[in-house]
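K.L.:
Input structure: input-v6.cif, which contains mmCIF, C-alpha atoms.
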```
data_coords
#
loop_
_atom_site.label_atom_id
_atom_site.label_comp_id
_atom_site.auth_asym_id
_atom_site.auth_seq_id
_atom_site.Cartn_x
_atom_site.Cartn_y
_atom_site.Cartn_z
CA PRO A 1 4.11 -63.16 -1.67
CA TYR A 2 0.98 -61.01 -1.64
CA LYS A 3 2.06 -59.29 1.60
CA ILE A 4 5.57 -58.69 0.25
CA ALA A 5 4.17 -57.13 -2.93
CA THR A 6 1.82 -54.95 -0.89
CA TRP A 7 4.68 -53.72 1.31
CA LYS A 8 6.79 -53.02 -1.79
CA HIS A 9 4.02 -50.88 -3.27
CA TYR A 10 3.65 -49.08 0.05
CA TYR A 11 7.33 -48.25 0.31
CA LEU A 12 7.56 -47.24 -3.35
CA GLY A 13 4.60 -44.94 -2.86
CA LEU A 14 6.14 -43.50 0.28
CA ILE A 15 9.46 -42.89 -1.50
CA GLY A 16 7.58 -41.24 -4.38
CA LEU A 17 5.73 -38.99 -1.93
CA ILE A 18 8.99 -37.98 -0.24
CA ILE A 19 10.57 -37.15 -3.61
CA LEU A 20 7.48 -35.16 -4.61
CA LEU A 21 7.54 -33.19 -1.35
CA LYS A 22 11.24 -32.44 -1.76
CA THR A 23 10.79 -31.16 -5.31
CA MET A 24 7.54 -29.27 -4.58
CA PRO A 25 8.12 -25.49 -4.32
CA LYS A 26 7.55 -24.11 -0.85
CA ILE A 27 6.06 -20.71 0.00
CA LEU A 28 6.04 -18.67 3.22
CA ILE A 29 3.14 -16.25 3.72
CA SER A 30 4.36 -14.02 6.55
CA ASP A 31 1.57 -11.42 6.70
CA ALA A 32 -2.17 -11.75 7.25
CA MET A 33 -4.09 -11.83 3.98
CA SER A 34 -7.06 -13.53 2.34
CA ASN A 35 -6.84 -17.34 2.45
CA VAL A 36 -7.49 -17.34 -1.29
CA ALA A 37 -3.69 -17.08 -1.75
CA GLN A 38 -3.10 -20.28 0.21
CA LYS A 39 -5.82 -22.08 -1.77
CA ILE A 40 -4.29 -21.02 -5.11
CA PHE A 41 -0.84 -22.29 -4.09
CA GLU A 42 -2.28 -25.61 -2.91
CA LYS A 43 -4.29 -25.97 -6.12
CA ASN A 44 -1.01 -25.60 -8.02
CA ASN A 45 0.66 -28.28 -5.86
CA ILE A 46 2.84 -25.69 -4.14
CA SER A 47 3.48 -26.25 -0.44
CA VAL A 48 2.57 -23.22 1.65
CA ASP A 49 3.06 -22.20 5.29
CA VAL A 50 1.23 -19.26 6.84
CA LYS A 51 3.29 -17.85 9.71
CA THR A 52 2.44 -14.27 10.62
CA GLY A 53 3.82 -11.88 13.23
CA LEU A 54 7.35 -13.28 13.06
CA SER A 55 10.35 -11.19 14.07
CA GLU A 56 13.33 -10.69 11.75
CA GLU A 57 15.32 -13.28 13.75
CA GLU A 58 12.50 -15.84 13.53
CA ILE A 59 12.21 -15.39 9.75
CA ILE A 60 15.99 -15.70 9.31
CA LYS A 61 15.89 -19.12 11.05
CA ILE A 62 13.25 -20.61 8.74
CA ILE A 63 13.64 -18.75 5.43
CA PRO A 64 16.34 -21.09 3.98
CA GLU A 65 13.69 -23.78 3.40
CA TYR A 66 11.46 -21.61 1.19
CA ASP A 67 11.44 -20.95 -2.57
CA GLY A 68 9.07 -18.01 -2.33
CA MET A 69 7.81 -15.46 0.17
CA VAL A 70 4.59 -13.43 0.24
CA VAL A 71 4.23 -10.24 2.31
CA ARG A 72 1.94 -7.28 2.68
CA SER A 73 3.28 -4.25 4.57
CA ALA A 74 3.94 -5.60 8.08
CA THR A 75 6.92 -7.83 7.27
CA LYS A 76 10.16 -6.00 6.52
CA VAL A 77 12.17 -8.12 4.09
CA THR A 78 15.57 -6.89 5.18
CA LYS A 79 19.06 -7.49 3.83
CA LYS A 80 19.70 -10.02 6.61
CA ILE A 81 16.60 -12.02 5.69
CA ILE A 82 17.49 -12.02 1.99
CA GLU A 83 21.07 -13.08 2.66
CA ALA A 84 19.82 -15.97 4.82
CA ALA A 85 17.34 -17.10 2.14
CA LYS A 86 19.54 -19.63 0.34
CA ASN A 87 16.73 -21.07 -1.80
CA LEU A 88 14.49 -18.03 -2.19
CA LYS A 89 13.67 -17.28 -5.82
CA VAL A 90 10.78 -14.82 -5.57
CA ILE A 91 9.33 -12.29 -3.11
CA GLY A 92 5.75 -11.23 -3.74
CA ARG A 93 4.16 -8.09 -2.33
CA ALA A 94 0.37 -8.27 -2.05
CA GLY A 95 0.03 -4.58 -2.81
CA ALA A 96 1.77 -1.94 -4.88
CA GLY A 97 4.49 -0.39 -2.71
CA VAL A 98 7.70 -2.33 -2.08
CA ASP A 99 9.26 0.02 0.48
CA ASN A 100 9.33 -2.83 3.00
CA ILE A 101 11.50 -5.00 0.73
CA ASP A 102 15.23 -4.49 0.18
CA VAL A 103 14.85 -4.69 -3.59
CA SER A 104 18.48 -3.90 -4.42
CA THR A 105 19.80 -6.76 -2.26
CA ALA A 106 17.18 -9.09 -3.72
CA LYS A 107 18.35 -8.24 -7.23
CA GLU A 108 21.97 -8.83 -6.22
CA LYS A 109 20.93 -12.32 -5.14
CA ASN A 110 19.02 -12.86 -8.42
CA MET A 111 15.66 -12.93 -6.65
CA ILE A 112 12.55 -11.73 -8.42
CA VAL A 113 10.45 -9.13 -6.59
CA MET A 114 6.81 -8.85 -7.71
CA ASN A 115 3.97 -6.57 -6.69
CA THR A 116 0.28 -6.29 -7.56
CA PRO A 117 -0.25 -2.82 -9.09
CA GLY A 118 -3.86 -1.81 -9.47
CA GLY A 119 -5.15 -4.53 -7.16
CA ASN A 120 -6.05 -2.07 -4.39
CA ALA A 121 -6.17 1.13 -6.45
CA ASN A 122 -9.92 1.61 -6.10
CA ALA A 123 -9.81 0.99 -2.35
CA THR A 124 -7.02 3.54 -1.90
CA ALA A 125 -8.69 6.14 -4.11
CA GLU A 126 -12.00 5.75 -2.28
CA HIS A 127 -10.24 6.17 1.07
CA ALA A 128 -8.50 9.31 -0.19
CA PHE A 129 -11.89 10.64 -1.23
CA ALA A 130 -13.30 9.72 2.18
CA LEU A 131 -10.44 11.62 3.83
CA ILE A 132 -11.18 14.65 1.65
CA MET A 133 -14.84 14.70 2.63
CA SER A 134 -14.05 13.99 6.29
CA VAL A 135 -11.63 16.87 6.68
CA LEU A 136 -13.65 19.34 4.61
CA ARG A 137 -16.87 18.64 6.48
CA LYS A 138 -15.21 18.08 9.88
CA ILE A 139 -16.88 14.67 10.17
CA PRO A 140 -14.66 13.20 12.94
CA PHE A 141 -15.18 16.21 15.23
CA ALA A 142 -18.91 16.31 14.46
CA ASN A 143 -19.22 12.59 15.19
CA GLU A 144 -17.24 12.67 18.43
CA THR A 145 -19.00 15.68 19.92
CA THR A 146 -22.47 14.51 18.90
CA HIS A 147 -21.87 11.15 20.59
CA LYS A 148 -21.06 13.14 23.73
CA GLY A 149 -24.33 15.09 23.45
CA GLN A 150 -22.50 18.38 22.90
CA TRP A 151 -24.46 19.50 19.78
CA GLU A 152 -21.74 21.67 18.24
CA LYS A 153 -23.85 22.71 15.25
CA LYS A 154 -23.00 26.41 15.48
CA ASN A 155 -19.25 25.67 15.69
CA ILE A 156 -19.08 23.33 12.68
CA LYS A 157 -18.96 24.93 9.26
CA GLY A 158 -17.72 22.78 6.40
CA THR A 159 -16.31 23.44 2.93
CA GLU A 160 -17.84 22.27 -0.37
CA LEU A 161 -15.97 20.48 -3.15
CA SER A 162 -17.92 22.16 -5.93
CA LYS A 163 -15.91 24.70 -7.98
CA LYS A 164 -12.69 23.83 -6.14
CA ILE A 165 -9.31 22.85 -7.62
CA LEU A 166 -8.04 19.36 -6.84
CA GLY A 167 -4.32 18.86 -7.32
CA ILE A 168 -3.22 15.24 -7.76
CA VAL A 169 0.49 14.45 -7.41
CA GLY A 170 1.17 11.24 -9.31
CA PHE A 171 -1.21 9.81 -11.89
CA GLY A 172 -0.90 6.06 -11.66
CA ASN A 173 -3.78 3.70 -10.91
CA VAL A 174 -4.83 5.48 -7.72
CA GLY A 175 -4.53 9.03 -9.04
CA VAL A 176 -6.52 8.15 -12.15
CA ARG A 177 -9.24 6.49 -10.11
CA LEU A 178 -9.53 9.48 -7.75
CA SER A 179 -9.83 11.84 -10.73
CA ASN A 180 -12.78 9.76 -11.94
CA LEU A 181 -14.43 9.63 -8.53
CA VAL A 182 -14.66 13.43 -8.30
CA LYS A 183 -16.00 13.99 -11.81
CA GLY A 184 -19.49 14.68 -10.53
CA PHE A 185 -18.41 17.47 -8.20
CA ASP A 186 -17.76 20.14 -10.83
CA MET A 187 -14.10 20.45 -9.88
CA LYS A 188 -11.05 21.50 -11.84
CA ILE A 189 -8.43 18.75 -11.69
CA LEU A 190 -4.73 19.53 -12.02
CA VAL A 191 -2.23 16.69 -12.25
CA CYS A 192 1.52 16.66 -11.71
CA SER A 193 2.83 13.61 -13.59
CA LYS A 194 5.79 13.07 -15.90
CA SER A 195 3.95 10.36 -17.81
CA LEU A 196 0.71 12.27 -18.39
CA GLU A 197 2.00 14.11 -21.47
CA THR A 198 2.17 10.86 -23.45
CA ARG A 199 -1.40 9.83 -22.56
CA LYS A 200 -3.27 13.13 -22.25
CA SER A 201 -5.86 12.05 -24.82
CA GLU A 202 -7.07 9.33 -22.44
CA TYR A 203 -7.87 11.83 -19.70
CA PRO A 204 -9.54 14.95 -21.13
CA HIS A 205 -10.99 15.81 -17.70
CA VAL A 206 -7.58 16.71 -16.21
CA GLU A 207 -4.86 19.27 -16.90
CA ASN A 208 -1.13 18.68 -16.53
CA ALA A 209 0.68 21.16 -14.29
CA SER A 210 3.97 21.61 -12.50
CA PHE A 211 4.35 20.79 -8.82
CA ASP A 212 4.70 24.50 -8.03
CA ASP A 213 1.41 25.19 -9.83
CA LEU A 214 -0.33 22.51 -7.79
CA VAL A 215 1.07 23.93 -4.56
CA SER A 216 -0.06 27.48 -5.27
CA LYS A 217 -3.38 26.80 -7.03
CA SER A 218 -4.91 23.72 -5.33
CA ASP A 219 -7.71 23.88 -2.82
CA ILE A 220 -7.06 20.21 -2.10
CA LEU A 221 -3.60 18.74 -2.71
CA SER A 222 -3.63 14.94 -2.74
CA PHE A 223 -0.53 12.73 -2.99
CA HIS A 224 -0.61 9.46 -4.96
CA CYS A 225 3.02 9.01 -5.95
CA LYS A 226 6.11 7.07 -4.95
CA ALA A 227 8.51 8.39 -2.36
CA THR A 228 11.47 10.34 -3.69
CA ALA A 229 14.61 8.38 -4.56
CA ASP A 230 16.64 10.11 -1.83
CA GLY A 231 13.87 9.73 0.76
CA LYS A 232 13.52 13.48 1.28
CA PRO A 233 10.05 15.06 1.65
CA MET A 234 8.40 16.52 -1.44
CA LEU A 235 6.32 18.99 0.54
CA THR A 236 8.17 21.20 3.03
CA LYS A 237 7.64 24.52 4.82
CA ASP A 238 8.78 26.47 1.74
CA HIS A 239 5.97 24.90 -0.30
CA LEU A 240 3.40 25.25 2.47
CA LYS A 241 4.04 29.00 2.62
CA LYS A 242 2.94 29.24 -1.03
CA MET A 243 -0.37 27.42 -0.51
CA LYS A 244 -3.76 28.99 -0.04
CA PRO A 245 -4.60 29.42 3.66
CA THR A 246 -7.90 27.68 2.85
CA ALA A 247 -6.17 24.64 1.28
CA TYR A 248 -6.20 21.05 2.52
CA ILE A 249 -3.50 18.39 2.17
CA ILE A 250 -4.25 14.68 1.73
CA ASN A 251 -1.58 12.00 1.99
CA ALA A 252 -2.55 8.37 1.33
CA ALA A 253 0.69 7.55 -0.49
CA ARG A 254 3.89 7.39 1.58
CA GLY A 255 4.61 8.91 5.00
CA ASN A 256 7.87 10.62 4.13
CA ILE A 257 6.41 12.53 1.17
CA VAL A 258 5.13 15.31 3.43
CA ASP A 259 7.41 16.71 6.14
CA GLU A 260 5.28 16.06 9.23
CA LYS A 261 6.94 18.68 11.43
CA ASP A 262 6.57 21.34 8.72
CA LEU A 263 2.94 20.35 8.17
CA SER A 264 2.22 20.58 11.88
CA ASP A 265 3.78 24.05 12.04
CA ALA A 266 1.86 25.17 8.95
CA LEU A 267 -1.43 24.05 10.46
CA ASN A 268 -0.70 25.76 13.75
CA GLU A 269 0.35 28.97 11.98
CA GLY A 270 -2.69 28.99 9.68
CA LEU A 271 -0.70 28.54 6.47
CA VAL A 272 -3.16 25.80 5.45
CA ALA A 273 -6.64 24.96 6.71
CA GLY A 274 -6.32 21.25 7.39
CA ALA A 275 -4.92 17.87 6.44
CA ALA A 276 -5.87 14.19 6.32
CA VAL A 277 -3.14 11.57 6.60
CA ASP A 278 -3.18 7.78 6.27
CA VAL A 279 0.60 7.18 6.18
CA PHE A 280 3.42 8.14 8.51
CA SER A 281 7.19 8.51 8.39
CA LYS A 282 7.49 5.80 11.04
CA GLU A 283 4.97 2.96 11.25
CA PRO A 284 3.33 1.72 13.31
CA ALA A 285 2.88 5.30 14.47
CA LYS A 286 2.85 5.22 18.27
CA GLU A 287 4.01 8.83 18.55
CA ASN A 288 3.80 11.58 15.96
CA VAL A 289 3.93 15.37 15.86
CA LEU A 290 0.51 15.39 14.15
CA PHE A 291 -1.23 13.56 16.97
CA ASN A 292 -3.95 15.55 18.75
CA ASN A 293 -3.90 18.38 16.21
CA PRO A 294 -7.60 19.27 15.74
CA LYS A 295 -7.00 20.29 12.13
CA VAL A 296 -5.83 16.82 11.08
CA VAL A 297 -7.79 13.65 10.33
CA LEU A 298 -5.61 10.57 10.89
CA THR A 299 -6.08 6.92 9.90
CA PRO A 300 -3.63 4.01 10.49
CA HIS A 301 -2.52 3.15 6.91
CA ILE A 302 -5.86 1.55 5.99
CA ALA A 303 -6.46 3.03 2.55
CA ALA A 304 -6.00 -0.34 0.83
CA SER A 305 -7.71 -2.30 3.60
CA THR A 306 -11.02 -3.44 2.18
CA THR A 307 -12.48 -6.92 1.92
CA GLU A 308 -12.56 -6.66 -1.85
CA ALA A 309 -9.00 -5.38 -2.27
CA SER A 310 -7.52 -7.99 0.07
CA ILE A 311 -9.00 -10.77 -2.07
CA VAL A 312 -7.83 -9.21 -5.34
CA VAL A 313 -4.19 -8.67 -4.26
CA ALA A 314 -4.01 -12.14 -2.67
CA GLU A 315 -5.25 -13.71 -5.92
CA MET A 316 -2.87 -11.67 -8.01
CA VAL A 317 0.27 -12.39 -5.98
CA ALA A 318 -0.47 -16.12 -5.62
CA ASN A 319 -1.14 -16.55 -9.33
CA GLN A 320 1.95 -14.55 -10.30
CA ILE A 321 4.27 -16.49 -8.01
CA SER A 322 2.76 -19.83 -9.07
CA ASP A 323 3.23 -18.90 -12.72
CA PHE A 324 6.85 -17.95 -12.07
CA LEU A 325 7.81 -21.04 -10.06
CA LEU A 326 6.03 -23.49 -12.35
CA ASN A 327 6.40 -21.85 -15.77
CA GLY A 328 9.13 -19.21 -15.40
CA LYS A 329 6.68 -16.43 -16.28
CA LYS A 330 7.56 -13.00 -14.85
CA LEU A 331 4.70 -10.56 -14.28
CA ASN A 332 4.71 -7.23 -12.44
CA THR A 333 8.36 -7.43 -11.48
CA VAL A 334 9.99 -4.37 -9.93
#
```
Once more with this new file: its structure as structure tokens, please.
P.N.:
Amino acid sequence: PYKIATWKHYYLGLIGLIILLKTMPKILISDAMSNVAQKIFEKNNISVDVKTGLSEEEIIKIIPEYDGMVVRSATKVTKKIIEAAKNLKVIGRAGAGVDNIDVSTAKEKNMIVMNTPGGNANATAEHAFALIMSVLRKIPFANETTHKGQWEKKNIKGTELSKKILGIVGFGNVGVRLSNLVKGFDMKILVCSKSLETRKSEYPHVENASFDDLVSKSDILSFHCKATADGKPMLTKDHLKKMKPTAYIINAARGNIVDEKDLSDALNEGLVAGAAVDVFSKEPAKENVLFNNPKVVLTPHIAASTTEASIVVAEMVANQISDFLLNGKKLNTV
């Protein structure tokens, strides 16, 4: 009788475990990120699989078994993936931009799409500032030639930030942070932002201006906005012709905001002095018209890539998704 009772308890426990596993929400993390996200899901009794580097076809095969999906920028959550995701309730982006997610199709399927605004704002703003200093002081060229023992001191003359005009296009978390980072450089800061008018009192150190004003007046024009709704570039040859020939362009926002061919032509024709770019119209960028142009500093979409930011966005997205799946709470939906 004792053995029978023991076996009964064993089987009942096993059945209970199976039921629990079947009812436990299941998450797919398809991009590399801090393991803090996985730990948060597990702490909340949410099953989680980390499978990175999967192709669209590979994701389509496994996505039906998941209730939630977490991505960064590498995974493209396409229409085909969303249509195959029979149980998917939420897609979380560990970052701000959701260009890699077919949001409209997700909404049609009643899926929630979340992001983590502000989580990597400081990292992105600091990188934009680093790009500004790098291109103004010709740091990459100075570094490369000095390593080669070429001592190009007489051929390297930089530009100072002091007394210059910084034009910031877009004044969300990143634009605001950049405006604060340059406060100590005695610069005039112009901002092109539809929402600034309603919150001007919070930012007395900046002035609101039109996009045309920024184009014509800025010594440094830095983009920190979303891509246009129609996907067309905001900055084209017509705008570049109106810029100061001593001006510099910084793009750490979205690759299609600045027309790359027009920018390349403008640099070659001396319409502007230089540019620094972290984002490209096609990524990963294996070929690009800006490659090998000595007037351009290029980085491979790393503005948000810091140890600190990766932890923050992983925490944010895991907590938000857990809260939604367990309590129905919706935070930072797009």
K.L.:
Rank A:Leu166, A:Ala227, A:Val174, A:Ile101 by their smallest atom-to-atom distance to Glu207 (chain A), using all atoms listed in the file, and report the top residue only.
P.N.:
A:Leu166
K.L.:
As a list in words, please: the residues near region 126-132 of chain A (cut-off 8 Å, only C-alpha atoms, same-chain neighbours under 4 positions excluded).
P.N.:
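Contacts, in chain order: Asn122, Leu136, Leu178, Leu181, Ile220, Ser222, Ile250, Asn251, Ala252, Ala276, Val277, Val297, Ala303 and Ala304 of chain A.
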K.L.:
Pull C-alpha atoms from the residues just selected and write them as a PDB file, in the frame of the given file.
P.N.:
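Printed below is out_9.pdb as written:
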```
ATOM      1  CA  ASN A 122      -9.920   1.610  -6.100  1.00  0.00           C
ATOM      2  CA  LEU A 136     -13.650  19.340   4.610  1.00  0.00           C
ATOM      3  CA  LEU A 178      -9.530   9.480  -7.750  1.00  0.00           C
ATOM      4  CA  LEU A 181     -14.430   9.630  -8.530  1.00  0.00           C
ATOM      5  CA  ILE A 220      -7.060  20.210  -2.100  1.00  0.00           C
ATOM      6  CA  SER A 222      -3.630  14.940  -2.740  1.00  0.00           C
ATOM      7  CA  ILE A 250      -4.250  14.680   1.730  1.00  0.00           C
ATOM      8  CA  ASN A 251      -1.580  12.000   1.990  1.00  0.00           C
ATOM      9  CA  ALA A 252      -2.550   8.370   1.330  1.00  0.00           C
ATOM     10  CA  ALA A 276      -5.870  14.190   6.320  1.00  0.00           C
ATOM     11  CA  VAL A 277      -3.140  11.570   6.600  1.00  0.00           C
ATOM     12  CA  VAL A 297      -7.790  13.650  10.330  1.00  0.00           C
ATOM     13  CA  ALA A 303      -6.460   3.030   2.550  1.00  0.00           C
ATOM     14  CA  ALA A 304      -6.000  -0.340   0.830  1.00  0.00           C
TER      15      ALA A 304
END
```
K.L.:
I would like the residues chosen by the PyMOL selection byres ((chain A and resi 52-68) around 9) on the shown file; could you give them as a PyMOL selection string?
P.N.:
chain A and resi 25-32+50-51+69-70+74-78+80-92+321+325
K.L.:
Once the PyMOL selection byres ((chain A and resi 185-202) around 9) is applied to the coordinates I shared, what remains selected? I want it as an NGL selection string.
P.N.:
:A and (161-172 or 175 or 179 or 181-184 or 203-211 or 213-214 or 217-218 or 225)
K.L.:
Mind telling me what the PyMOL selection byres ((chain A and resi 316) around 9) catches here, as a list in words?
P.N.:
Ala37, Ala94, Asn115, Thr116, Gly119, Ile311, Val312, Val313, Ala314, Glu315, Val317, Ala318, Asn319, Gln320 and Ile321 of chain A
K.L.:
Export C-alpha atoms of the chosen residues as a PDB file, in the coordinates of the input?
P.N.:
```
ATOM      1  CA  ALA A  37      -3.690 -17.080  -1.750  1.00  0.00           C
ATOM      2  CA  ALA A  94       0.370  -8.270  -2.050  1.00  0.00           C
ATOM      3  CA  ASN A 115       3.970  -6.570  -6.690  1.00  0.00           C
ATOM      4  CA  THR A 116       0.280  -6.290  -7.560  1.00  0.00           C
ATOM      5  CA  GLY A 119      -5.150  -4.530  -7.160  1.00  0.00           C
ATOM      6  CA  ILE A 311      -9.000 -10.770  -2.070  1.00  0.00           C
ATOM      7  CA  VAL A 312      -7.830  -9.210  -5.340  1.00  0.00           C
ATOM      8  CA  VAL A 313      -4.190  -8.670  -4.260  1.00  0.00           C
ATOM      9  CA  ALA A 314      -4.010 -12.140  -2.670  1.00  0.00           C
ATOM     10  CA  GLU A 315      -5.250 -13.710  -5.920  1.00  0.00           C
ATOM     11  CA  VAL A 317       0.270 -12.390  -5.980  1.00  0.00           C
ATOM     12  CA  ALA A 318      -0.470 -16.120  -5.620  1.00  0.00           C
ATOM     13  CA  ASN A 319      -1.140 -16.550  -9.330  1.00  0.00           C
ATOM     14  CA  GLN A 320       1.950 -14.550 -10.300  1.00  0.00           C
ATOM     15  CA  ILE A 321       4.270 -16.490  -8.010  1.00  0.00           C
TER      16      ILE A 321
END
```
K.L.:
If we count all atoms listed in the file and set the cut-off at 12 Å, which residues sit around Arg254 (chain A), ignoring sequence neighbours fewer than 4 positions away in its own chain? Please answer as number ranges by chain.
P.N.:
A: 96-100, 169-170, 222-228, 231-235, 250, 258-260, 277-283, 301, 303
K.L.:
One decimal, Å: what's the distance from CA of Val113 (chain A) over to CA of Ala125 (chain A), could you say?
P.N.:
24.6 Å
K.L.:
How many Å lie between CA of Asp265 (chain A) and CA of Thr236 (chain A), rounded to one decimal?
P.N.:
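Going from CA of Asp265 (chain A) over to CA of Thr236 (chain A), I get 10.4 Å.
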K.L.:
Quick one: pull the distance between CA of Ala106 (chain A) and CA of Pro300 (chain A), Å, one decimal.
P.N.:
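Result for CA of Ala106 (chain A) versus CA of Pro300 (chain A): 28.4 Å, one decimal.
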K.L.:
Return the padded bounding box of region 94-101 of chain A as AutoDock Vina command-line options: axis-aligned, built from all atoms listed in the file, 3 Å added on each side, with centre and edge lengths in Å to one decimal.
P.N.:
```
--center_x 5.8 --center_y -4.1 --center_z -0.9 --size_x 17.5 --size_y 14.3 --size_z 13.9
```
K.L.:
Given the choices A:Thr124, A:Ser310, A:Asn44, A:Thr145, which gets closest to Val176 (chain A) if the distance is worked out from all atoms listed in the file?
P.N.:
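Using all atoms listed in the file, the shortest distance to Val176 (chain A) belongs to A:Thr124.
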K.L.:
Using only C-alpha atoms for the distances, tell me which of A:Ala123, A:Met24, A:Val135, A:Pro117 is nearest to Ile302 (chain A).
P.N.:
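Checking each of A:Ala123, A:Met24, A:Val135, A:Pro117 against Ile302 (chain A), counting only C-alpha atoms, the winner is A:Ala123.
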K.L.:
Select, from A:Lys295, A:Lys39, A:Lys330, A:Arg177, the residue with the minimum atom-to-atom distance to Asn120 (chain A), counting all atoms listed in the file.
P.N.:
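When distances to Asn120 (chain A) are compared using all atoms listed in the file, the smallest one comes from A:Arg177.
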K.L.:
Could you get me a file of region 252-271 of chain A with N, CA and C atoms, as a short mmCIF file (atom, residue, chain, number, x, y, z; two decimals), in the first residue's frame, taken from the block above?
P.N.:
```cif
data_model
loop_
_atom_site.label_atom_id
_atom_site.label_comp_id
_atom_site.auth_asym_id
_atom_site.auth_seq_id
_atom_site.Cartn_x
_atom_site.Cartn_y
_atom_site.Cartn_z
N ALA A 252 22.71 59.45 -36.38
CA ALA A 252 22.69 58.27 -35.50
C ALA A 252 21.24 57.88 -35.24
N ALA A 253 20.38 58.19 -36.23
CA ALA A 253 18.94 57.93 -36.05
C ALA A 253 18.49 56.76 -36.93
N ARG A 254 18.21 57.05 -38.20
CA ARG A 254 17.79 56.03 -39.16
C ARG A 254 18.49 56.27 -40.49
N GLY A 255 18.87 55.18 -41.17
CA GLY A 255 19.70 55.29 -42.36
C GLY A 255 19.05 56.02 -43.52
N ASN A 256 17.74 55.89 -43.66
CA ASN A 256 17.09 56.50 -44.82
C ASN A 256 16.70 57.95 -44.60
N ILE A 257 17.09 58.53 -43.49
CA ILE A 257 16.77 59.94 -43.22
C ILE A 257 17.60 60.86 -44.12
N VAL A 258 18.85 60.49 -44.34
CA VAL A 258 19.76 61.26 -45.19
C VAL A 258 19.99 60.48 -46.49
N ASP A 259 19.78 61.13 -47.61
CA ASP A 259 20.03 60.49 -48.91
C ASP A 259 21.53 60.28 -49.05
N GLU A 260 21.97 59.04 -49.02
CA GLU A 260 23.41 58.73 -49.00
C GLU A 260 24.12 59.15 -50.28
N LYS A 261 23.49 58.95 -51.40
CA LYS A 261 24.10 59.35 -52.68
C LYS A 261 24.26 60.87 -52.73
N ASP A 262 23.22 61.60 -52.32
CA ASP A 262 23.28 63.07 -52.31
C ASP A 262 24.34 63.56 -51.32
N LEU A 263 24.45 62.90 -50.17
CA LEU A 263 25.46 63.28 -49.19
C LEU A 263 26.86 63.05 -49.74
N SER A 264 27.05 61.91 -50.38
CA SER A 264 28.36 61.62 -50.98
C SER A 264 28.74 62.68 -52.02
N ASP A 265 27.79 63.03 -52.87
CA ASP A 265 28.05 64.06 -53.89
C ASP A 265 28.37 65.40 -53.24
N ALA A 266 27.62 65.74 -52.20
CA ALA A 266 27.82 67.03 -51.52
C ALA A 266 29.20 67.11 -50.88
N LEU A 267 29.65 66.01 -50.32
CA LEU A 267 30.98 65.97 -49.72
C LEU A 267 32.06 66.10 -50.79
N ASN A 268 31.87 65.41 -51.88
CA ASN A 268 32.86 65.45 -52.96
C ASN A 268 32.90 66.81 -53.65
N GLU A 269 31.76 67.50 -53.66
CA GLU A 269 31.68 68.81 -54.32
C GLU A 269 31.98 69.96 -53.35
N GLY A 270 32.22 69.65 -52.08
CA GLY A 270 32.54 70.69 -51.11
C GLY A 270 31.35 71.48 -50.61
N LEU A 271 30.15 70.94 -50.79
CA LEU A 271 28.95 71.64 -50.28
C LEU A 271 28.90 71.62 -48.76
#
```
